[in-house]
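Here's coords_3.txt, which has compact mmCIF, C-alpha atoms:
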# COMPACT_ATOMS: atom_id res chain seq x y z
CA MET E 1 97.84 104.39 90.88
CA ALA E 2 94.10 104.33 91.58
CA GLY E 3 94.14 101.07 93.44
CA GLY E 4 91.32 102.12 95.72
CA CYS E 5 88.87 103.05 92.97
CA ALA E 6 86.44 100.43 91.75
CA ARG E 7 86.95 101.62 88.16
CA SER E 8 90.74 101.52 88.30
CA GLY E 9 90.72 98.36 86.19
CA ASP E 10 89.38 100.36 83.26
CA ALA E 11 92.21 102.90 83.07
CA ALA E 12 94.66 100.75 81.13
CA ALA E 13 91.99 99.49 78.74
CA TYR E 14 90.91 103.08 78.18
CA ALA E 15 94.47 104.21 77.42
CA LEU E 16 94.78 101.35 74.94
CA GLY E 17 91.50 102.30 73.27
CA ALA E 18 90.09 98.92 74.28
CA LEU E 19 86.92 99.95 76.08
CA GLU E 20 83.68 99.64 74.15
CA PRO E 21 82.38 103.06 73.03
CA GLY E 22 79.70 103.21 75.73
CA GLU E 23 82.17 102.11 78.39
CA ALA E 24 84.67 104.71 77.26
CA GLN E 25 82.03 107.41 77.52
CA ASP E 26 81.09 106.27 81.03
CA PHE E 27 84.71 106.17 82.04
CA ARG E 28 85.32 109.69 80.77
CA ALA E 29 82.43 110.87 82.91
CA HIS E 30 83.85 108.95 85.86
CA MET E 31 87.24 110.59 85.44
CA GLU E 32 85.72 114.01 85.86
CA THR E 33 85.34 113.24 89.55
CA CYS E 34 88.11 110.69 90.06
CA ALA E 35 91.57 112.20 90.18
CA PRO E 36 93.37 108.86 90.72
CA CYS E 37 91.84 107.43 87.55
CA ARG E 38 92.77 110.58 85.63
CA GLU E 39 96.33 110.22 86.84
CA ASP E 40 96.38 106.54 85.88
CA VAL E 41 95.16 107.29 82.39
CA ALA E 42 97.69 110.10 81.95
CA ALA E 43 100.47 107.75 83.06
CA PHE E 44 99.32 104.90 80.81
CA GLU E 45 98.90 107.22 77.85
CA GLY E 46 102.51 108.22 78.34
CA VAL E 47 103.31 104.61 77.50
CA THR E 48 100.78 104.05 74.72
CA ARG E 49 102.02 107.16 72.88
CA GLY E 50 105.27 105.30 72.36
CA LEU E 51 103.76 102.02 71.21
CA PRO E 52 103.60 102.88 67.49
CA SER E 53 107.37 102.99 67.44
CA ALA E 54 107.59 99.48 68.87
CA SER E 55 107.18 98.06 65.38
CA VAL E 56 110.18 96.93 63.40
CA GLN E 57 110.99 99.83 61.10
CA TYR E 58 110.84 99.38 57.35
CA ALA E 59 111.85 101.58 54.47
CA THR E 60 109.04 103.34 52.67
CA PRO E 61 108.16 101.31 49.56
CA LYS E 62 109.39 102.70 46.29
CA GLY E 63 106.88 104.83 44.49
CA LEU E 64 104.78 105.54 47.58
CA ARG E 65 106.16 109.05 48.00
CA ARG E 66 105.44 109.90 44.37
CA ARG E 67 101.88 108.56 44.62
CA VAL E 68 101.17 110.37 47.85
CA MET E 69 102.53 113.69 46.69
CA ARG E 70 100.70 113.44 43.36
CA GLU E 71 97.44 112.99 45.23
CA VAL E 72 98.31 115.72 47.70
CA ARG E 73 98.86 118.19 44.88
CA ASN E 74 95.37 117.40 43.60
CA THR E 75 93.72 117.57 47.02
CA PRO E 76 92.43 120.85 48.44
CA GLN E 77 92.95 121.51 52.13
CA SER E 78 89.84 121.61 54.24
CA ALA E 79 90.47 125.08 55.63
CA PRO E 80 91.26 128.03 53.35
CA ALA E 81 95.01 128.33 53.01
CA HIS E 82 96.34 131.77 53.75
CA GLY E 83 99.54 133.41 52.61
CA THR E 84 99.99 131.08 49.69
CA ALA E 85 100.93 133.99 47.50
CA SER E 86 104.14 134.35 49.42
CA PRO E 87 106.93 132.68 47.51
CA GLY E 88 108.93 131.85 50.58
CA VAL E 89 109.03 131.71 54.28
CA ALA E 90 111.01 132.90 57.24
CA PRO E 91 111.43 130.53 60.15
CA ARG E 92 108.81 131.12 62.79
CA ARG E 93 108.95 130.70 66.50
CA VAL E 94 108.59 127.06 67.42
CA ARG E 95 105.67 126.50 69.72
CA ARG E 96 106.83 123.97 72.27
CA PRO E 97 104.49 121.05 72.64
CA ILE E 98 102.51 121.50 75.83
CA LEU E 99 101.64 118.27 77.57
CA PHE E 100 98.67 118.36 79.83
CA PRO E 101 96.05 115.87 80.92
CA ARG E 102 93.50 116.52 78.24
CA ARG E 103 90.69 114.90 80.17
CA ALA E 104 91.48 116.84 83.33
CA LEU E 105 89.61 119.75 81.86
CA ALA E 106 86.42 117.89 81.24
CA GLY E 107 84.70 119.92 83.94
CA LEU E 108 85.41 123.09 82.09
CA ALA E 109 84.28 121.52 78.85
CA ALA E 110 81.04 120.50 80.51
CA ALA E 111 80.53 123.99 81.86
CA ALA E 112 81.09 125.38 78.42
CA THR E 113 78.60 122.96 76.95
CA VAL E 114 75.72 124.38 78.97
CA ALA E 115 76.37 127.87 77.68
CA VAL E 116 74.12 128.36 74.74
CA ALA E 117 75.13 131.23 72.55
CA VAL E 118 73.38 132.66 69.58
CA LEU E 119 74.90 132.22 66.20
CA VAL E 120 74.43 135.35 64.20
CA GLY E 121 76.35 133.92 61.30
CA VAL E 122 75.99 136.73 58.86
CA ALA E 123 78.20 136.96 55.88
CA ILE E 124 79.29 140.53 55.82
CA GLY E 125 81.35 140.68 52.72
CA SER E 126 84.72 139.59 51.55
CA SER E 127 88.21 140.51 52.47
CA GLY E 128 90.83 141.43 49.94
CA SER E 129 91.79 137.79 49.63
CA GLY E 130 88.27 136.86 48.70
CA VAL E 131 87.59 135.05 51.96
CA GLY E 132 84.18 135.67 53.57
CA SER E 133 83.60 136.64 57.19
CA ARG E 134 80.98 135.77 59.73
CA VAL E 135 80.27 137.16 63.17
CA ILE E 136 79.25 135.04 66.13
CA GLN E 137 77.65 136.45 69.24
CA ALA E 138 79.38 134.95 72.27
CA GLN E 139 77.85 134.44 75.67
CA VAL E 140 79.44 136.35 78.53
CA MET E 141 78.97 134.59 81.85
CA GLY E 142 79.36 135.87 85.38
CA VAL E 143 80.54 139.37 84.42
CA SER E 144 79.12 142.35 82.55
CA GLY E 145 79.93 143.12 78.95
CA SER E 146 79.46 141.65 75.50
CA ALA E 147 81.66 139.76 73.08
CA GLN E 148 81.62 138.75 69.44
CA VAL E 149 83.93 136.59 67.38
CA ARG E 150 84.62 137.48 63.77
CA ILE E 151 85.79 134.55 61.62
CA THR E 152 87.72 135.43 58.50
CA GLY E 153 89.68 132.97 56.40
CA GLY E 154 89.96 130.39 59.16
CA ARG E 155 91.15 132.96 61.71
CA ALA E 156 89.26 134.50 64.58
CA GLU E 157 89.14 137.97 66.05
CA LEU E 158 87.56 138.45 69.45
CA MET E 159 85.82 141.78 69.98
CA MET E 160 84.71 142.78 73.48
CA ARG E 161 82.87 145.75 74.90
CA ASP E 162 82.17 146.84 78.50
CA MET E 163 84.20 144.00 79.94
CA PRO E 164 85.76 144.36 83.39
CA PRO E 165 89.55 144.30 83.61
CA PRO E 166 90.95 140.85 84.48
CA GLY E 167 92.12 142.16 87.86
CA PRO E 168 95.50 142.75 89.49
CA GLY E 169 98.05 140.14 88.55
CA ARG E 170 95.65 138.46 86.14
CA ILE E 171 95.10 138.31 82.40
CA TYR E 172 92.49 136.97 80.00
CA GLU E 173 93.44 133.83 78.09
CA VAL E 174 91.78 132.35 75.00
CA TRP E 175 91.20 128.58 74.72
CA LEU E 176 90.08 126.53 71.73
CA GLU E 177 88.00 123.41 72.16
CA ARG E 178 87.80 120.70 69.50
CA GLY E 179 85.01 118.13 69.72
CA GLN E 180 84.97 116.35 73.04
CA SER E 181 88.58 117.22 73.81
CA ALA E 182 89.49 119.52 76.63
CA PRO E 183 90.11 123.17 75.73
CA ALA E 184 93.61 123.79 74.44
CA PRO E 185 95.53 126.89 75.45
CA THR E 186 96.46 129.50 72.87
CA ASN E 187 99.12 132.17 72.96
CA THR E 188 96.42 134.83 73.02
CA LEU E 189 96.65 136.65 76.34
CA PHE E 190 95.09 140.07 76.71
CA SER E 191 93.51 142.72 78.86
CA VAL E 192 90.92 145.36 77.94
CA SER E 193 90.99 149.13 77.76
CA SER E 194 89.83 151.35 80.61
CA ALA E 195 86.48 151.49 78.79
CA GLY E 196 86.31 147.69 78.81
CA ALA E 197 86.96 147.33 75.09
CA GLY E 198 89.34 144.98 73.32
CA ASP E 199 89.80 143.63 69.79
CA VAL E 200 92.13 140.64 69.79
CA GLY E 201 93.34 138.33 67.03
CA VAL E 202 93.27 134.71 68.17
CA ALA E 203 96.42 132.67 67.60
CA GLY E 204 96.10 129.32 65.87
CA SER E 205 93.98 127.67 63.26
CA LEU E 206 90.25 127.25 63.80
CA SER E 207 89.94 124.03 61.86
CA GLY E 208 87.98 121.55 63.92
CA VAL E 209 87.37 124.06 66.68
CA SER E 210 83.91 123.78 68.21
CA LYS E 211 84.18 126.48 70.88
CA LEU E 212 86.26 129.50 71.75
CA LEU E 213 86.54 130.18 75.48
CA VAL E 214 88.06 132.95 77.56
CA THR E 215 89.09 132.60 81.19
CA SER E 216 90.81 134.87 83.67
CA GLU E 217 94.23 133.47 84.51
CA PRO E 218 97.29 134.50 86.49
CA ALA E 219 99.60 136.89 84.60
CA GLY E 220 101.58 134.92 82.04
CA GLY E 221 98.69 132.59 81.34
CA SER E 222 98.05 129.00 82.28
CA ARG E 223 98.47 125.64 80.62
CA VAL E 224 95.15 124.49 82.02
CA PRO E 225 92.20 126.72 82.87
CA THR E 226 92.09 127.63 86.54
CA ARG E 227 88.70 129.36 86.47
CA PRO E 228 85.38 128.84 84.70
CA PRO E 229 85.02 130.51 81.30
CA LEU E 230 83.77 134.09 81.16
CA ILE E 231 83.21 134.04 77.41
CA VAL E 232 81.97 131.10 75.35
CA ALA E 233 81.52 131.25 71.60
CA PRO E 234 80.35 128.21 69.60
CA LEU E 235 82.26 128.12 66.32
CA ALA E 236 81.11 124.82 64.84
CA MET L 1 115.34 126.08 48.84
CA ILE L 2 112.72 128.72 48.94
CA ARG L 3 112.96 132.48 49.13
CA SER L 4 111.13 134.39 51.77
CA GLY L 5 109.10 137.50 51.04
CA TRP L 6 110.06 139.41 54.19
CA PRO L 7 112.61 139.45 55.61
CA LYS L 8 114.61 138.67 52.48
CA ARG L 9 116.55 135.54 53.10
CA ILE L 10 116.83 132.01 51.83
CA VAL L 11 115.48 129.19 53.93
CA ASP L 12 115.87 125.49 53.28
CA VAL L 13 112.68 123.90 54.55
CA ARG L 14 114.56 120.72 55.38
CA THR L 15 116.26 122.57 58.23
CA LEU L 16 112.98 123.56 59.87
CA ALA L 17 111.48 121.82 62.87
CA ASP L 18 108.33 119.79 62.33
CA GLU L 19 106.20 122.39 64.06
CA GLU L 20 107.56 125.13 61.78
CA LEU L 21 106.91 122.94 58.75
CA MET L 22 103.33 122.41 59.86
CA GLU L 23 102.73 126.14 59.85
CA LEU L 24 103.86 126.16 56.21
CA VAL L 25 101.72 123.13 55.45
CA GLN L 26 98.77 124.95 56.96
CA ASP L 27 99.60 127.73 54.52
CA GLY L 28 99.27 125.21 51.69
CA GLN L 29 102.96 124.68 50.97
CA VAL L 30 103.43 121.27 49.39
CA ARG L 31 107.23 121.34 49.70
CA ALA L 32 106.96 121.53 53.47
CA PHE L 33 104.59 118.56 53.43
CA GLU L 34 107.11 116.57 51.37
CA VAL L 35 109.62 117.05 54.18
CA ILE L 36 107.03 115.92 56.74
CA PHE L 37 106.41 112.85 54.59
CA ASP L 38 110.12 112.10 54.26
CA ARG L 39 110.60 112.32 58.02
CA HIS L 40 107.66 110.18 59.09
CA ALA L 41 106.66 107.93 56.20
CA SER L 42 108.80 104.97 57.21
CA ALA L 43 107.44 105.03 60.75
CA ALA L 44 103.93 105.33 59.33
CA PHE L 45 104.45 102.43 56.94
CA SER L 46 106.05 100.29 59.64
CA LEU L 47 103.11 100.84 61.97
CA ALA L 48 100.54 100.18 59.24
CA TYR L 49 102.34 97.02 58.21
CA ARG L 50 102.63 95.85 61.80
CA MET L 51 98.90 96.33 62.21
CA CYS L 52 97.53 94.92 58.96
CA GLY L 53 100.24 92.44 57.97
CA ARG L 54 99.90 93.09 54.24
CA PRO L 55 102.36 95.36 52.43
CA ALA L 56 99.92 96.54 49.76
CA MET L 57 97.27 97.31 52.34
CA ALA L 58 99.83 99.11 54.48
CA GLU L 59 100.78 101.27 51.51
CA ASP L 60 97.15 102.16 50.94
CA ILE L 61 96.73 103.04 54.59
CA VAL L 62 99.79 105.29 54.53
CA GLN L 63 98.67 106.96 51.34
CA GLU L 64 95.17 107.59 52.70
CA SER L 65 96.63 108.82 55.97
CA PHE L 66 99.01 111.35 54.48
CA VAL L 67 96.39 112.70 52.09
CA SER L 68 94.06 113.02 55.05
CA LEU L 69 96.77 114.75 57.05
CA TRP L 70 97.30 117.21 54.22
CA ARG L 71 93.58 117.84 53.84
CA SER L 72 93.06 118.45 57.55
CA SER L 73 96.43 119.97 58.35
CA ALA L 74 94.76 123.01 59.85
CA ALA L 75 93.60 120.78 62.68
CA TYR L 76 97.15 120.10 63.81
CA ASP L 77 97.84 121.69 67.15
CA SER L 78 101.39 121.49 68.48
CA GLY L 79 99.99 121.92 71.98
CA ARG L 80 98.53 118.45 71.74
CA GLY L 81 101.69 116.59 70.84
CA SER L 82 104.40 116.15 68.28
CA VAL L 83 103.88 115.83 64.54
CA ARG L 84 105.15 112.25 64.77
CA THR L 85 102.46 111.40 67.33
CA TRP L 86 99.82 113.06 65.18
CA VAL L 87 100.88 111.20 62.04
CA LEU L 88 101.02 107.84 63.77
CA SER L 89 97.67 108.29 65.50
CA VAL L 90 96.03 108.98 62.13
CA VAL L 91 97.75 105.92 60.62
CA ARG L 92 96.62 103.74 63.51
CA ASN L 93 93.02 104.87 63.22
CA ARG L 94 93.06 104.34 59.46
CA ALA L 95 94.54 100.89 59.89
CA ILE L 96 91.89 99.90 62.42
CA ASP L 97 89.18 101.13 60.08
CA ALA L 98 90.75 99.31 57.16
CA PHE L 99 91.15 95.92 58.71
CA ARG L 100 87.82 96.07 60.45
CA ARG L 101 86.37 96.62 57.02
CA GLU L 102 88.26 93.84 55.38
CA ALA L 103 88.63 91.51 58.36
CA ALA L 104 92.20 91.07 57.32
CA LYS L 105 93.55 90.84 60.79
CA ALA L 106 93.45 87.33 62.23
CA THR L 107 96.44 86.98 64.49
CA SER L 108 98.39 89.19 66.80
CA ASP L 109 101.81 87.80 66.09
CA LEU L 110 102.61 88.97 62.60
CA ASP L 111 105.30 87.65 60.36
CA GLU L 112 107.37 90.76 59.97
CA GLN L 113 109.77 89.13 57.54
CA ARG L 114 107.37 89.39 54.63
CA VAL L 115 108.61 92.85 53.80
CA ALA L 116 112.15 92.49 52.59
CA GLU L 117 113.44 96.00 52.97
CA ARG L 118 114.10 96.91 56.53
CA LEU L 119 114.92 100.51 57.11
CA PRO L 120 118.56 101.30 56.42
CA ALA L 121 120.22 103.62 58.88
CA PRO L 122 122.72 105.83 57.11
CA GLU L 123 123.45 109.37 58.26
CA LEU L 124 120.89 109.62 61.01
CA THR L 125 120.15 113.04 62.36
CA ASP L 126 120.40 113.58 66.09
CA ARG L 127 116.63 113.75 66.25
CA GLU L 128 116.29 110.45 64.42
CA VAL L 129 118.91 108.84 66.61
CA GLU L 130 116.94 109.98 69.64
CA ARG L 131 113.71 108.63 68.17
CA ARG L 132 115.26 105.27 67.40
CA ASP L 133 116.73 105.03 70.85
CA ASP L 134 113.33 105.75 72.35
CA ALA L 135 111.72 103.26 69.99
CA ARG L 136 114.21 100.60 70.99
CA GLN L 137 113.39 101.21 74.64
CA VAL L 138 109.67 100.81 73.96
CA ARG L 139 110.27 97.62 71.96
CA ASP L 140 112.45 96.21 74.72
CA ALA L 141 109.88 97.11 77.35
CA LEU L 142 107.13 95.43 75.35
CA LYS L 143 109.22 92.36 74.65
CA GLY L 144 110.14 92.16 78.31
CA LEU L 145 106.54 91.63 79.36
CA PRO L 146 105.18 88.18 80.18
CA ALA L 147 103.59 86.74 77.05
CA ASP L 148 100.03 86.95 78.37
CA GLN L 149 100.36 90.67 79.13
CA ARG L 150 102.09 91.48 75.88
CA GLN L 151 99.44 89.58 73.96
CA VAL L 152 96.49 91.59 75.26
CA ILE L 153 98.31 94.90 74.77
CA GLU L 154 99.21 94.02 71.18
CA LEU L 155 95.73 92.79 70.39
CA ALA L 156 94.23 95.98 71.76
CA PHE L 157 96.65 98.55 70.43
CA PHE L 158 97.83 97.06 67.16
CA GLY L 159 94.80 94.89 66.55
CA GLY L 160 92.17 97.42 67.45
CA PHE L 161 90.20 94.85 69.44
CA SER L 162 88.15 95.78 72.48
CA HIS L 163 88.75 94.09 75.81
CA SER L 164 85.54 92.08 75.42
CA GLN L 165 86.55 90.89 71.96
CA ILE L 166 89.92 89.86 73.33
CA ALA L 167 88.26 88.08 76.24
CA GLU L 168 86.10 86.16 73.82
CA MET L 169 89.04 85.38 71.60
CA LEU L 170 91.20 84.11 74.44
CA LYS L 171 88.31 82.61 76.40
CA LEU L 172 89.13 84.64 79.46
CA PRO L 173 87.00 86.73 81.80
CA ALA L 174 86.94 90.40 80.79
CA GLY L 175 88.36 91.32 84.17
CA THR L 176 91.39 89.14 83.54
CA VAL L 177 92.04 90.84 80.22
CA LYS L 178 91.80 94.29 81.76
CA GLY L 179 94.00 93.17 84.64
CA ARG L 180 96.67 91.98 82.23
CA MET L 181 96.51 95.25 80.35
CA ARG L 182 96.99 97.16 83.56
CA LEU L 183 99.86 95.01 84.74
CA GLY L 184 101.55 95.17 81.36
CA LEU L 185 101.29 98.92 80.98
CA SER L 186 102.40 99.45 84.57
CA LYS L 187 105.51 97.38 83.97
CA MET L 188 106.24 99.20 80.74
CA ARG L 189 105.83 102.51 82.48
CA PHE L 190 108.27 101.42 85.15
CA ALA L 191 110.73 100.16 82.53
CA LEU L 192 110.52 103.37 80.50
CA GLY L 193 110.74 105.79 83.39
CA ASP L 194 109.24 109.12 82.46
CA ALA L 195 107.67 108.19 79.15
CA THR L 196 106.27 111.65 78.58
CA ARG L 197 109.76 112.94 77.91
CA MET L 198 110.29 110.61 75.00
CA ALA L 199 110.82 112.18 71.58
CA LEU L 200 108.13 110.16 69.83
Rewrite the coordinates I just gave you, this time as structure tokens.
Amino acid sequence: MAGGCARSGDAAAYALGALEPGEAQDFRAHMETCAPCREDVAAFEGVTRGLPSASVQYATPKGLRRRVMREVRNTPQSAPAHGTASPGVAPRRVRRPILFPRRALAGLAAAATVAVAVLVGVAIGSSGSGVGSRVIQAQVMGVSGSAQVRITGGRAELMMRDMPPPGPGRIYEVWLERGQSAPAPTNTLFSVSSAGAGDVGVAGSLSGVSKLLVTSEPAGGSRVPTRPPLIVAPLA
Amino acid sequence: MIRSGWPKRIVDVRTLADEELMELVQDGQVRAFEVIFDRHASAAFSLAYRMCGRPAMAEDIVQESFVSLWRSSAAYDSGRGSVRTWVLSVVRNRAIDAFRREAAKATSDLDEQRVAERLPAPELTDREVERRDDARQVRDALKGLPADQRQVIELAFFGGFSHSQIAEMLKLPAGTVKGRMRLGLSKMRFALGDATRMAL
């Protein structure tokens, strides 16, 4: 517990969502440089995650399910649905929830924020499913090479040229950042060809994603970024 | 029961894990969303009712929440937590918005007897048994707190009040309110052990 930090009294209030908006913003900035407060918040959030279940449990009122599902059927999803033509489904691999201190990565998020990339944003036609595409020019930082992200139907493909290899025992990993949250890991791990080229489909939905980042990580990938991003692409 | 395209086999969506269902929901499959609703609606309603204290308002909150969840299902990321946590966080935010709008929330200690139908417990799945056991532990830990600590935690989390609003309400210094929050959460953490392993 961050007993020695002057802001330690704010950690519990923050985890409960009880700081005023300005205070919460200040405290987030404080946590970037205060590991004890980050640890406190992570520990307290472990408790607050369980609080919703502390209510006495009631049966769902009659008719609520019917009303909800009727409205759902008449409500389009915000991102284009894909694969809806398929009449069925095979079970997919379950992605295990990965728990990590989401604010611990604020430094990386801040680093990504200063990278200003150019949005090309050109509609270049339609795929067979009628979904348009756009291409975003990403910024490559600290290494040679270039990178673009093609967005098609809510999915991203990362295209790189003249990139250096990730190095012995290392691999490139793609991260997705949503709003002010820390970048989330994806299952997209890759290297590049001997010519420095690579075209990689990015796992996961892009809904709500504001940035796509690439870092060099130890082989097997990481749950939190261990190095600054080499590629930053603004998707919002 | 639905039939898969490839490989050819029959899959009952009710047997799928929440994370698998969410992939189908993200593909626009309403049947998968029905299963998500069936699994989490009572917890969602219970939380909404606990927060707003009015059954009709709680129903509206749950309805708005699930429609919102459907609309923005592509935003769900299993790396950030379970489906249950995602559902309940949306319900909580909707409830706070709703009763801030309507100023319906006046007290922290709600009369939970106003809804007659408590959740029956027939044929619980292992997962549900685990959830209920975890929920009971959280309830016990909360109830085990001194009243002043429990009060500020409930006002903040279920009431959506800021620490300064609570301080004004209880005529206490803000530092005292934050101190009680810290003490209360620390005791709950100790009582719950490793809370991050809970199946909530």
>> Using only C-alpha atoms, which protein or nucleic acid residues come within 9 Å of E:Glu157? Drop anything in the same chain fewer than 5 positions from it, and give the result as a list in words.
In response: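 With the cut-off at 9 Å, the set is Gln148, Val149, Arg150, Ile151, Thr152, Asp199, Val200, Gly201 and Val202 of chain E.
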>> From the options L:Ala156, L:Ala58, L:Ala141, L:Val90, which residue's atoms come nearest to chain E, counting only C-alpha atoms?
In response: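 Once distances to chain E are computed over only C-alpha atoms, the minimum belongs to L:Ala156.
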L:Phe33 environment, 10 Å, all atoms listed in the file, sequence neighbours closer than 5 positions dropped, as a JSON list (two decimals) with C-alpha atoms, in the coordinates of the input:
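The result, stored in around_20.json:
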[["chain", "number", "residue", "atom", "x", "y", "z"],
["E", 69, "MET", "CA", 102.53, 113.69, 46.69],
["E", 72, "VAL", "CA", 98.31, 115.72, 47.70],
["L", 13, "VAL", "CA", 112.68, 123.90, 54.55],
["L", 18, "ASP", "CA", 108.33, 119.79, 62.33],
["L", 21, "LEU", "CA", 106.91, 122.94, 58.75],
["L", 22, "MET", "CA", 103.33, 122.41, 59.86],
["L", 24, "LEU", "CA", 103.86, 126.16, 56.21],
["L", 25, "VAL", "CA", 101.72, 123.13, 55.45],
["L", 26, "GLN", "CA", 98.77, 124.95, 56.96],
["L", 28, "GLY", "CA", 99.27, 125.21, 51.69],
["L", 38, "ASP", "CA", 110.12, 112.10, 54.26],
["L", 39, "ARG", "CA", 110.60, 112.32, 58.02],
["L", 66, "PHE", "CA", 99.01, 111.35, 54.48],
["L", 69, "LEU", "CA", 96.77, 114.75, 57.05],
["L", 70, "TRP", "CA", 97.30, 117.21, 54.22],
["L", 73, "SER", "CA", 96.43, 119.97, 58.35]]
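Distance-wise, atom CA of E:Pro52 and atom CA of L:Ser164 end up 22.5 Å apart.
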Which neighbours of stretch 8-17 of chain E fall inside 9 Å, counting only C-alpha atoms, when residues of the same chain fewer than 5 positions from it are skipped, and could you give them as a JSON list (two decimals) with C-alpha atoms, in the frame of the given file?
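Written out: around37.json:
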[["chain", "number", "residue", "atom", "x", "y", "z"],
["E", 1, "MET", "CA", 97.84, 104.39, 90.88],
["E", 2, "ALA", "CA", 94.10, 104.33, 91.58],
["E", 3, "GLY", "CA", 94.14, 101.07, 93.44],
["E", 23, "GLU", "CA", 82.17, 102.11, 78.39],
["E", 24, "ALA", "CA", 84.67, 104.71, 77.26],
["E", 27, "PHE", "CA", 84.71, 106.17, 82.04],
["E", 36, "PRO", "CA", 93.37, 108.86, 90.72],
["E", 37, "CYS", "CA", 91.84, 107.43, 87.55],
["E", 38, "ARG", "CA", 92.77, 110.58, 85.63],
["E", 40, "ASP", "CA", 96.38, 106.54, 85.88],
["E", 41, "VAL", "CA", 95.16, 107.29, 82.39],
["E", 42, "ALA", "CA", 97.69, 110.10, 81.95],
["E", 43, "ALA", "CA", 100.47, 107.75, 83.06],
["E", 44, "PHE", "CA", 99.32, 104.90, 80.81],
["E", 45, "GLU", "CA", 98.90, 107.22, 77.85],
["E", 47, "VAL", "CA", 103.31, 104.61, 77.50],
["E", 48, "THR", "CA", 100.78, 104.05, 74.72],
["L", 153, "ILE", "CA", 98.31, 94.90, 74.77],
["L", 156, "ALA", "CA", 94.23, 95.98, 71.76],
["L", 157, "PHE", "CA", 96.65, 98.55, 70.43],
["L", 160, "GLY", "CA", 92.17, 97.42, 67.45],
["L", 161, "PHE", "CA", 90.20, 94.85, 69.44],
["L", 162, "SER", "CA", 88.15, 95.78, 72.48],
["L", 163, "HIS", "CA", 88.75, 94.09, 75.81],
["L", 175, "GLY", "CA", 88.36, 91.32, 84.17],
["L", 177, "VAL", "CA", 92.04, 90.84, 80.22],
["L", 178, "LYS", "CA", 91.80, 94.29, 81.76],
["L", 179, "GLY", "CA", 94.00, 93.17, 84.64],
["L", 181, "MET", "CA", 96.51, 95.25, 80.35],
["L", 182, "ARG", "CA", 96.99, 97.16, 83.56],
["L", 183, "LEU", "CA", 99.86, 95.01, 84.74],
["L", 184, "GLY", "CA", 101.55, 95.17, 81.36],
["L", 185, "LEU", "CA", 101.29, 98.92, 80.98],
["L", 186, "SER", "CA", 102.40, 99.45, 84.57]]
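Atom CA of E:Val224 is positioned 21.4 Å from atom CA of L:Val83.
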> For chain E, which residue out of L:Ser78, L:Ser68, L:Thr176, L:Thr15 is the nearest one, using all atoms listed in the file?
Replying inline: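 Among the listed residues, L:Ser78 lies closest to chain E.
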Return as JSON the box centre and box size in Å, one decimal, for an axis-aligned box around all listed atoms of stretch 172-186 of chain L padded by 8 Å per side.
{"center_x": 94.7, "center_y": 92.0, "center_z": 82.1, "size_x": 31.5, "size_y": 30.8, "size_z": 21.3}
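With distances restricted to all atoms listed in the file, E:Leu176 is the closest residue to L:Arg80 from E:Leu212, E:Leu176, E:Met163, E:Leu19.
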> With only C-alpha atoms as the atoms that count, which of E:Ala29, E:Leu51, E:Leu206, E:Ala197 lies nearest to L:Ser89?
Replying inline: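 Going through E:Ala29, E:Leu51, E:Leu206, E:Ala197 one by one, the smallest distance to L:Ser89 is for E:Leu51.
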With N, CA and C atoms as the goal, would you fill in the gaps in stretch 144-153 of chain L and present it as a PDB file, in the frame of the given file?
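Saved to part.pdb:
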ATOM      1  N   GLY L 144     109.805  92.641  76.965  1.00  0.00           N
ATOM      2  CA  GLY L 144     110.140  92.160  78.310  1.00  0.00           C
ATOM      3  C   GLY L 144     108.934  91.748  79.139  1.00  0.00           C
ATOM      4  N   LEU L 145     107.747  92.001  78.612  1.00  0.00           N
ATOM      5  CA  LEU L 145     106.540  91.630  79.360  1.00  0.00           C
ATOM      6  C   LEU L 145     106.300  90.128  79.282  1.00  0.00           C
ATOM      7  N   PRO L 146     105.655  89.569  80.298  1.00  0.00           N
ATOM      8  CA  PRO L 146     105.180  88.180  80.180  1.00  0.00           C
ATOM      9  C   PRO L 146     104.267  88.064  78.964  1.00  0.00           C
ATOM     10  N   ALA L 147     104.299  86.915  78.329  1.00  0.00           N
ATOM     11  CA  ALA L 147     103.590  86.740  77.050  1.00  0.00           C
ATOM     12  C   ALA L 147     102.101  87.074  77.162  1.00  0.00           C
ATOM     13  N   ASP L 148     101.470  86.710  78.287  1.00  0.00           N
ATOM     14  CA  ASP L 148     100.030  86.950  78.370  1.00  0.00           C
ATOM     15  C   ASP L 148      99.708  88.443  78.436  1.00  0.00           C
ATOM     16  N   GLN L 149     100.590  89.218  79.061  1.00  0.00           N
ATOM     17  CA  GLN L 149     100.360  90.670  79.130  1.00  0.00           C
ATOM     18  C   GLN L 149     100.671  91.337  77.795  1.00  0.00           C
ATOM     19  N   ARG L 150     101.735  90.907  77.181  1.00  0.00           N
ATOM     20  CA  ARG L 150     102.090  91.480  75.880  1.00  0.00           C
ATOM     21  C   ARG L 150     100.985  91.198  74.856  1.00  0.00           C
ATOM     22  N   GLN L 151     100.446  89.983  74.935  1.00  0.00           N
ATOM     23  CA  GLN L 151      99.440  89.580  73.960  1.00  0.00           C
ATOM     24  C   GLN L 151      98.209  90.496  74.011  1.00  0.00           C
ATOM     25  N   VAL L 152      97.710  90.775  75.203  1.00  0.00           N
ATOM     26  CA  VAL L 152      96.490  91.590  75.260  1.00  0.00           C
ATOM     27  C   VAL L 152      96.770  93.042  74.853  1.00  0.00           C
ATOM     28  N   ILE L 153      97.958  93.522  75.179  1.00  0.00           N
ATOM     29  CA  ILE L 153      98.310  94.900  74.770  1.00  0.00           C
ATOM     30  C   ILE L 153      98.423  94.981  73.249  1.00  0.00           C
TER      31      ILE L 153
END
